[in-house]
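Trainee: This one is upload-v7.cif, mmCIF, C-alpha atoms and all ligand atoms.
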```cif
data_final
loop_
_atom_site.label_atom_id
_atom_site.label_comp_id
_atom_site.auth_asym_id
_atom_site.auth_seq_id
_atom_site.Cartn_x
_atom_site.Cartn_y
_atom_site.Cartn_z
CA MET I 4 10.51 -18.38 -5.94
CA ASN I 5 11.49 -21.13 -3.51
CA GLY I 6 9.28 -23.00 -1.04
CA THR I 7 10.20 -20.76 1.88
CA ASN I 8 9.12 -17.67 -0.04
CA ASP I 9 5.87 -19.38 -1.07
CA GLY I 10 5.16 -20.01 2.60
CA LEU I 11 5.94 -16.40 3.45
CA ARG I 12 3.64 -15.18 0.68
CA ALA I 13 0.79 -17.36 1.96
CA ALA I 14 1.37 -16.02 5.47
CA VAL I 15 1.27 -12.42 4.17
CA VAL I 16 -2.02 -13.09 2.36
CA ASP I 17 -3.58 -14.58 5.52
CA ARG I 18 -2.20 -11.84 7.73
CA PHE I 19 -3.63 -9.02 5.65
CA ALA I 20 -6.91 -10.81 4.91
CA ALA I 21 -7.49 -10.53 8.67
CA VAL I 22 -6.69 -6.79 8.59
CA ALA I 23 -9.18 -6.40 5.71
CA ALA I 24 -11.95 -8.35 7.46
CA GLU I 25 -11.46 -7.33 11.08
CA PRO I 26 -9.17 -4.31 11.38
CA GLY I 27 -10.33 -3.63 14.93
CA ARG I 28 -8.70 -6.86 16.11
CA GLU I 29 -5.19 -5.90 14.98
CA GLU I 30 -2.90 -5.60 17.99
CA LYS I 31 0.66 -5.73 16.60
CA PHE I 32 0.79 -2.56 14.52
CA PRO I 33 -1.25 0.65 14.13
CA VAL I 34 -4.24 0.40 11.78
CA GLY I 35 -7.00 2.78 10.73
CA PRO I 36 -7.83 6.47 10.47
CA ALA I 37 -6.15 7.55 13.73
CA SER I 38 -2.87 6.07 12.49
CA ALA I 39 -3.23 7.83 9.12
CA LYS I 40 -3.74 11.18 10.84
CA ALA I 41 -0.75 10.55 13.14
CA LEU I 42 1.38 9.86 10.04
CA GLY I 43 0.53 13.23 8.44
CA TYR I 44 -2.59 12.62 6.35
CA ASP I 45 -5.00 15.56 6.20
CA PRO I 46 -7.45 14.86 9.05
CA HIS I 47 -10.34 16.53 7.17
CA GLU I 48 -9.72 14.34 4.12
CA ILE I 49 -9.57 11.20 6.29
CA ASP I 50 -12.69 12.08 8.31
CA ALA I 51 -14.66 12.76 5.11
CA LEU I 52 -14.09 9.23 3.83
CA PRO I 53 -16.37 6.28 4.73
CA ALA I 54 -15.00 4.11 7.54
CA THR I 55 -14.47 1.17 5.20
CA ALA I 56 -11.96 3.24 3.18
CA THR I 57 -9.80 4.04 6.22
CA GLU I 58 -10.33 1.28 8.81
CA SER I 59 -7.89 -1.20 7.17
CA PHE I 60 -5.18 1.38 6.44
CA CYS I 61 -1.92 -0.12 7.68
CA GLY I 62 0.71 2.11 6.10
CA VAL I 63 3.77 3.37 7.94
CA GLY I 64 4.08 6.84 6.41
CA HIS I 65 2.48 9.26 3.95
CA PRO I 66 3.91 8.64 0.46
CA LEU I 67 1.65 11.16 -1.28
CA GLY I 68 3.09 13.84 1.00
CA LEU I 69 6.56 13.31 -0.49
CA GLY I 70 5.78 15.00 -3.81
CA ASP I 71 2.90 16.39 -5.84
CA VAL I 72 0.71 14.16 -7.95
CA ARG I 73 -0.83 16.21 -10.75
CA PRO I 74 -4.05 16.01 -12.81
CA GLY I 75 -3.68 13.67 -15.77
CA GLN I 76 -0.83 11.62 -14.31
CA THR I 77 -0.68 7.83 -13.98
CA VAL I 78 0.04 6.54 -10.46
CA LEU I 79 0.86 2.98 -9.40
CA ASP I 80 0.30 1.96 -5.75
CA LEU I 81 2.46 -1.07 -4.87
CA GLY I 82 0.79 -3.16 -2.14
CA CYS I 83 -2.29 -0.94 -2.10
CA GLY I 84 -4.13 -2.79 0.68
CA ALA I 85 -7.72 -1.55 1.07
CA GLY I 86 -6.88 1.34 -1.24
CA LEU I 87 -6.60 4.50 0.87
CA ASP I 88 -3.54 5.92 -0.95
CA SER I 89 -4.92 4.85 -4.35
CA ILE I 90 -8.21 6.61 -3.61
CA LEU I 91 -6.47 9.82 -2.53
CA ALA I 92 -4.24 9.64 -5.62
CA ALA I 93 -7.29 9.07 -7.88
CA ARG I 94 -8.80 12.30 -6.60
CA ARG I 95 -5.56 14.16 -7.31
CA VAL I 96 -5.02 12.86 -10.86
CA GLY I 97 -8.68 13.51 -11.73
CA PRO I 98 -10.70 12.10 -14.64
CA ALA I 99 -7.85 12.51 -17.14
CA GLY I 100 -5.49 10.51 -14.92
CA ARG I 101 -5.32 6.89 -13.89
CA VAL I 102 -4.39 4.97 -10.75
CA VAL I 103 -3.57 1.27 -10.53
CA GLY I 104 -3.36 -0.42 -7.13
CA VAL I 105 -1.68 -3.84 -6.98
CA ASP I 106 -1.88 -6.24 -4.04
CA LEU I 107 -1.32 -9.91 -3.43
CA CYS I 108 -4.17 -10.30 -0.94
CA PRO I 109 -7.59 -11.00 -2.54
CA ALA I 110 -9.48 -9.72 0.52
CA MET I 111 -7.64 -6.38 0.37
CA VAL I 112 -8.16 -6.05 -3.41
CA GLY I 113 -11.88 -6.82 -3.00
CA LYS I 114 -12.22 -4.21 -0.27
CA ALA I 115 -10.30 -1.62 -2.31
CA ARG I 116 -12.61 -2.20 -5.30
CA ARG I 117 -15.71 -1.79 -3.14
CA ASN I 118 -14.28 1.39 -1.65
CA ALA I 119 -13.61 2.90 -5.09
CA ASP I 120 -17.13 1.94 -6.23
CA THR I 121 -18.67 3.51 -3.14
CA LEU I 122 -16.76 6.71 -3.80
CA GLY I 123 -17.57 6.73 -7.53
CA LEU I 124 -13.97 6.72 -8.76
CA PRO I 125 -13.81 5.19 -12.26
CA ASN I 126 -10.18 6.24 -12.74
CA VAL I 127 -8.75 3.73 -10.23
CA GLU I 128 -8.46 -0.01 -10.76
CA PHE I 129 -7.19 -2.73 -8.46
CA VAL I 130 -5.24 -5.75 -9.62
CA GLU I 131 -4.54 -8.92 -7.62
CA ALA I 132 -0.86 -9.64 -8.30
CA GLY I 133 2.58 -9.77 -6.76
CA ILE I 134 4.59 -6.60 -7.19
CA GLU I 135 7.58 -8.72 -8.27
CA ASN I 136 5.89 -9.14 -11.67
CA LEU I 137 3.84 -6.06 -12.48
CA PRO I 138 1.08 -6.33 -15.10
CA LEU I 139 2.06 -3.00 -16.67
CA PRO I 140 4.15 -2.00 -19.70
CA ASP I 141 7.58 -0.41 -19.50
CA ALA I 142 7.70 3.37 -18.96
CA SER I 143 3.94 3.75 -18.41
CA VAL I 144 3.74 5.34 -14.93
CA ASP I 145 4.53 8.87 -13.69
CA VAL I 146 4.58 8.19 -9.95
CA VAL I 147 4.97 4.91 -8.06
CA ILE I 148 3.81 5.04 -4.44
CA SER I 149 4.14 2.35 -1.77
CA ASN I 150 3.35 2.29 1.92
CA GLY I 151 4.63 -0.39 4.28
CA VAL I 152 5.12 -3.11 1.65
CA PHE I 153 8.78 -3.59 0.68
CA ASN I 154 9.60 -4.94 4.17
CA LEU I 155 7.22 -7.84 3.42
CA CYS I 156 8.95 -8.75 0.14
CA PRO I 157 11.92 -11.15 0.33
CA ASP I 158 13.15 -10.21 -3.17
CA LYS I 159 13.60 -6.44 -2.81
CA PRO I 160 15.93 -6.03 -5.83
CA THR I 161 13.24 -7.51 -8.12
CA VAL I 162 10.54 -5.27 -6.63
CA LEU I 163 12.70 -2.19 -7.13
CA ALA I 164 13.65 -3.24 -10.67
CA GLU I 165 9.96 -3.67 -11.53
CA ALA I 166 9.11 -0.25 -10.09
CA PHE I 167 11.81 1.39 -12.22
CA ARG I 168 10.86 -0.66 -15.31
CA VAL I 169 7.33 0.77 -15.30
CA LEU I 170 8.36 4.33 -14.38
CA ARG I 171 8.66 6.81 -17.23
CA PRO I 172 11.98 8.67 -17.53
CA GLY I 173 11.80 11.45 -14.93
CA GLY I 174 9.12 9.60 -12.94
CA ARG I 175 9.30 9.23 -9.17
CA LEU I 176 9.12 6.52 -6.52
CA GLN I 177 7.54 7.87 -3.31
CA MET I 178 7.58 5.25 -0.60
CA ALA I 179 7.41 4.75 3.14
CA ASP I 180 8.62 1.60 4.85
CA ILE I 181 10.10 0.17 8.02
CA LEU I 182 13.75 -0.72 8.48
CA LEU I 183 15.06 -3.39 10.83
CA HIS I 184 18.08 -2.46 12.91
CA ASP I 185 20.34 -5.35 13.83
CA ASP I 186 20.62 -4.18 17.44
CA VAL I 187 16.95 -4.25 18.46
CA THR I 188 16.73 -4.67 22.22
CA PRO I 189 13.92 -6.24 24.28
CA GLU I 190 13.33 -2.75 25.74
CA TRP I 191 12.65 -1.30 22.25
CA VAL I 192 10.26 -4.14 21.49
CA ALA I 193 8.45 -3.52 24.78
CA ARG I 194 8.17 0.21 24.01
CA LEU I 195 7.34 0.14 20.28
CA GLY I 196 5.58 -3.20 19.95
CA GLU I 197 6.61 -6.27 17.97
CA TRP I 198 5.10 -5.20 14.59
CA SER I 199 4.95 -8.75 13.31
CA ASP I 200 4.06 -12.26 14.30
C1 LIG I 301 1.23 -3.02 5.71
S1 LIG I 301 0.04 -3.35 4.44
C2 LIG I 301 -0.07 -1.77 3.68
C3 LIG I 301 -1.28 -1.62 2.80
C4 LIG I 301 -1.48 -0.23 2.20
N1 LIG I 301 -0.32 0.20 1.46
C5 LIG I 301 -1.82 0.77 3.26
O1 LIG I 301 -1.07 1.75 3.40
O2 LIG I 301 -2.82 0.58 3.95
C6 LIG I 301 1.02 -4.27 3.26
C7 LIG I 301 0.25 -4.73 2.03
O3 LIG I 301 1.21 -5.23 1.08
C8 LIG I 301 0.66 -6.38 0.46
N2 LIG I 301 1.80 -7.17 -0.04
C9 LIG I 301 2.79 -7.75 0.68
N3 LIG I 301 3.67 -8.37 -0.12
C10 LIG I 301 3.23 -8.16 -1.39
C11 LIG I 301 3.72 -8.55 -2.67
N4 LIG I 301 4.82 -9.27 -2.80
N5 LIG I 301 3.01 -8.17 -3.76
C12 LIG I 301 1.86 -7.45 -3.63
N6 LIG I 301 1.37 -7.05 -2.45
C13 LIG I 301 2.03 -7.39 -1.34
C14 LIG I 301 -0.14 -7.05 1.56
O4 LIG I 301 -1.11 -7.94 1.04
C15 LIG I 301 -0.76 -5.84 2.28
O5 LIG I 301 -2.01 -5.49 1.75
#
```
Show me the file's structure as structure tokens.
Mentor:
Amino acid sequence: MNGTNDGLRAAVVDRFAAVAAEPGREEKFPVGPASAKALGYDPHEIDALPATATESFCGVGHPLGLGDVRPGQTVLDLGCGAGLDSILAARRVGPAGRVVGVDLCPAMVGKARRNADTLGLPNVEFVEAGIENLPLPDASVDVVISNGVFNLCPDKPTVLAEAFRVLRPGGRLQMADILLHDDVTPEWVARLGEWSD
């Protein structure tokens, strides 16, 4: 990784530490339970969770809605943030399953761990790491999920290669992300917001 990417990584860590600590101050992109509901999450499931499990949600879609996650499966959440998707996946895979959430940002990982403890979910663990170098063996995961993360990664081919390295044959990648058009106009920015610094 070159110096520019190191700087970008540090900026990502700082940016999302702020979303972990003070989600109510975020002004550039949608954060929290209202955004989750607008993106298709079950409103009853969201409302039943403690605020700390939903307030720092900053996904851009609903990856778990793209395919079923079944009891006993292993799920990997790339860029898990404060852990909302990991927590929902942990409930779906049940005690015989396992969920691993990976995130670069220590503040997000700490919050995700506290959320899982509060909810009494021993089948989910959170690892502080870059998703370019996953701490998991080959062919060990049934479903990889990711929500709003690939756009923050300069080396997308490596991230994708890692996801497919850890997926079992027949496994699935269910992801939501944002795409940048090359013809973004000032009017679009004014209407949709800037979405980054
Ligand atoms: C937009 S937030 C989404 C968080 C979570 N998926 C959610 O839906 O709330 C992006 C997350 O990706 C993490 N992230 C960005 N680049 C990463 C990388 N290279 N490796 C691991 N995590 C990364 C950030 O720290 C942040 O928590």
Trainee: Enumerate as a ChimeraX atom specification the residues within 7 Å of ligand LIG 301 (chain I), counting only C-alpha atoms and all ligand atoms.
Mentor: /I:12,15-16,19,59-63,81-88,105-108,111,132-135,149-152,155-156
Trainee: Could you dump the residues just selected with C-alpha atoms as a PDB file, in the frame of the given file?
Mentor:
```
ATOM      1  CA  ARG I  12       3.640 -15.180   0.680  1.00  0.00           C
ATOM      2  CA  VAL I  15       1.270 -12.420   4.170  1.00  0.00           C
ATOM      3  CA  VAL I  16      -2.020 -13.090   2.360  1.00  0.00           C
ATOM      4  CA  PHE I  19      -3.630  -9.020   5.650  1.00  0.00           C
ATOM      5  CA  SER I  59      -7.890  -1.200   7.170  1.00  0.00           C
ATOM      6  CA  PHE I  60      -5.180   1.380   6.440  1.00  0.00           C
ATOM      7  CA  CYS I  61      -1.920  -0.120   7.680  1.00  0.00           C
ATOM      8  CA  GLY I  62       0.710   2.110   6.100  1.00  0.00           C
ATOM      9  CA  VAL I  63       3.770   3.370   7.940  1.00  0.00           C
ATOM     10  CA  LEU I  81       2.460  -1.070  -4.870  1.00  0.00           C
ATOM     11  CA  GLY I  82       0.790  -3.160  -2.140  1.00  0.00           C
ATOM     12  CA  CYS I  83      -2.290  -0.940  -2.100  1.00  0.00           C
ATOM     13  CA  GLY I  84      -4.130  -2.790   0.680  1.00  0.00           C
ATOM     14  CA  ALA I  85      -7.720  -1.550   1.070  1.00  0.00           C
ATOM     15  CA  GLY I  86      -6.880   1.340  -1.240  1.00  0.00           C
ATOM     16  CA  LEU I  87      -6.600   4.500   0.870  1.00  0.00           C
ATOM     17  CA  ASP I  88      -3.540   5.920  -0.950  1.00  0.00           C
ATOM     18  CA  VAL I 105      -1.680  -3.840  -6.980  1.00  0.00           C
ATOM     19  CA  ASP I 106      -1.880  -6.240  -4.040  1.00  0.00           C
ATOM     20  CA  LEU I 107      -1.320  -9.910  -3.430  1.00  0.00           C
ATOM     21  CA  CYS I 108      -4.170 -10.300  -0.940  1.00  0.00           C
ATOM     22  CA  MET I 111      -7.640  -6.380   0.370  1.00  0.00           C
ATOM     23  CA  ALA I 132      -0.860  -9.640  -8.300  1.00  0.00           C
ATOM     24  CA  GLY I 133       2.580  -9.770  -6.760  1.00  0.00           C
ATOM     25  CA  ILE I 134       4.590  -6.600  -7.190  1.00  0.00           C
ATOM     26  CA  GLU I 135       7.580  -8.720  -8.270  1.00  0.00           C
ATOM     27  CA  SER I 149       4.140   2.350  -1.770  1.00  0.00           C
ATOM     28  CA  ASN I 150       3.350   2.290   1.920  1.00  0.00           C
ATOM     29  CA  GLY I 151       4.630  -0.390   4.280  1.00  0.00           C
ATOM     30  CA  VAL I 152       5.120  -3.110   1.650  1.00  0.00           C
ATOM     31  CA  LEU I 155       7.220  -7.840   3.420  1.00  0.00           C
ATOM     32  CA  CYS I 156       8.950  -8.750   0.140  1.00  0.00           C
TER      33      CYS I 156
END
```
Trainee: With 12 Å as the threshold, what does the neighbourhood of (0.1, 1.3, -10.0) contain in terms of residues, counting all atoms listed in the file? Coordinates are those of the file; answer as a ChimeraX atom specification.
Mentor: /I:76-83,86,88-90,92-93,100-106,126-134,137-140,142-149,165-167,169-170,176-177
Trainee: Using only C-alpha atoms, which of the listed residues (I:Glu25, I:Asp186, I:Asp120, I:Asp50) sits closest to I:Ala37?
Mentor: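 For I:Ala37, the nearest of the given residues is I:Asp50.
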Trainee: Can you measure atom CA of I:Pro36 to atom CA of I:Glu58 for me? One decimal in Å is fine.
Mentor: 6.0 Å
Trainee: I'd like the contact shell of I:Pro74 - 9 Å cut-off, all atoms listed in the file, skipping same-chain residues fewer than 6 positions apart - returned as a list in words.
Mentor: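 Near neighbours after the sequence-gap exclusion: Arg94, Arg95, Val96, Gly97, Pro98, Ala99 and Gly100 of chain I.
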Trainee: Please write out, as lines of an AutoDock Vina configuration file, where the centre of an axis-aligned box around all listed atoms of stretch 162-171 of chain I lies and how long its edges are, in Å to one decimal, after adding 8 Å on each side.
Mentor:
```
center_x = 10.5
center_y = 0.8
center_z = -11.9
size_x = 22.3
size_y = 28.1
size_z = 26.6
```
Trainee: Name the closest residue to I:Ala193 among the candidates I:Gly174, I:Ala164, I:Arg18, I:Lys31; distances are taken between atoms, counting all atoms listed in the file.
Mentor: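 Using all atoms listed in the file, I:Ala193 sits closest to I:Lys31.
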Trainee: What does the distance from atom CA of I:Ser199 to atom CA of I:Ile181 come to in Å, to one decimal?
Mentor: 11.6 Å
Trainee: Tell me, in Å to one decimal, how far atom CA of I:Ser38 is from atom CA of I:Thr121.
Mentor: 22.4 Å
Trainee: Which residue is closest to I:Gly27? Choose from I:Ala14, I:Lys114, I:Phe153, I:Ala54 and count only C-alpha atoms.
Mentor: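 Among I:Ala14, I:Lys114, I:Phe153, I:Ala54, it is I:Ala54 that comes nearest to I:Gly27.
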Trainee: Near I:Leu122, counting only C-alpha atoms, which residues have an atom at most 9 Å away, once you skip same-chain residues fewer than 2 positions from it, shown as a ChimeraX atom specification?
Mentor: /I:52-53,90,117-120,124
Trainee: Could you list, as a PyMOL selection string, every residue within 12 Å of I:Asp17, counting only C-alpha atoms and ignoring same-chain residues fewer than 6 positions away?
Mentor: chain I and resi 10-11+23-24+107-111+200
Trainee: Pull C-alpha atoms from the residues just selected and write them as a compact mmCIF listing (two decimals), in the frame of the given file.
Mentor:
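And here is the file that came out, result.txt:
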```
# COMPACT_ATOMS: atom_id res chain seq x y z
CA GLY I 10 5.16 -20.01 2.60
CA LEU I 11 5.94 -16.40 3.45
CA ALA I 23 -9.18 -6.40 5.71
CA ALA I 24 -11.95 -8.35 7.46
CA LEU I 107 -1.32 -9.91 -3.43
CA CYS I 108 -4.17 -10.30 -0.94
CA PRO I 109 -7.59 -11.00 -2.54
CA ALA I 110 -9.48 -9.72 0.52
CA MET I 111 -7.64 -6.38 0.37
CA ASP I 200 4.06 -12.26 14.30
```
Trainee: Which is closer to I:Glu48 than all the others in I:Leu91, I:Gly75, I:Asn8, I:His65, using only C-alpha atoms?
Mentor: I:Leu91
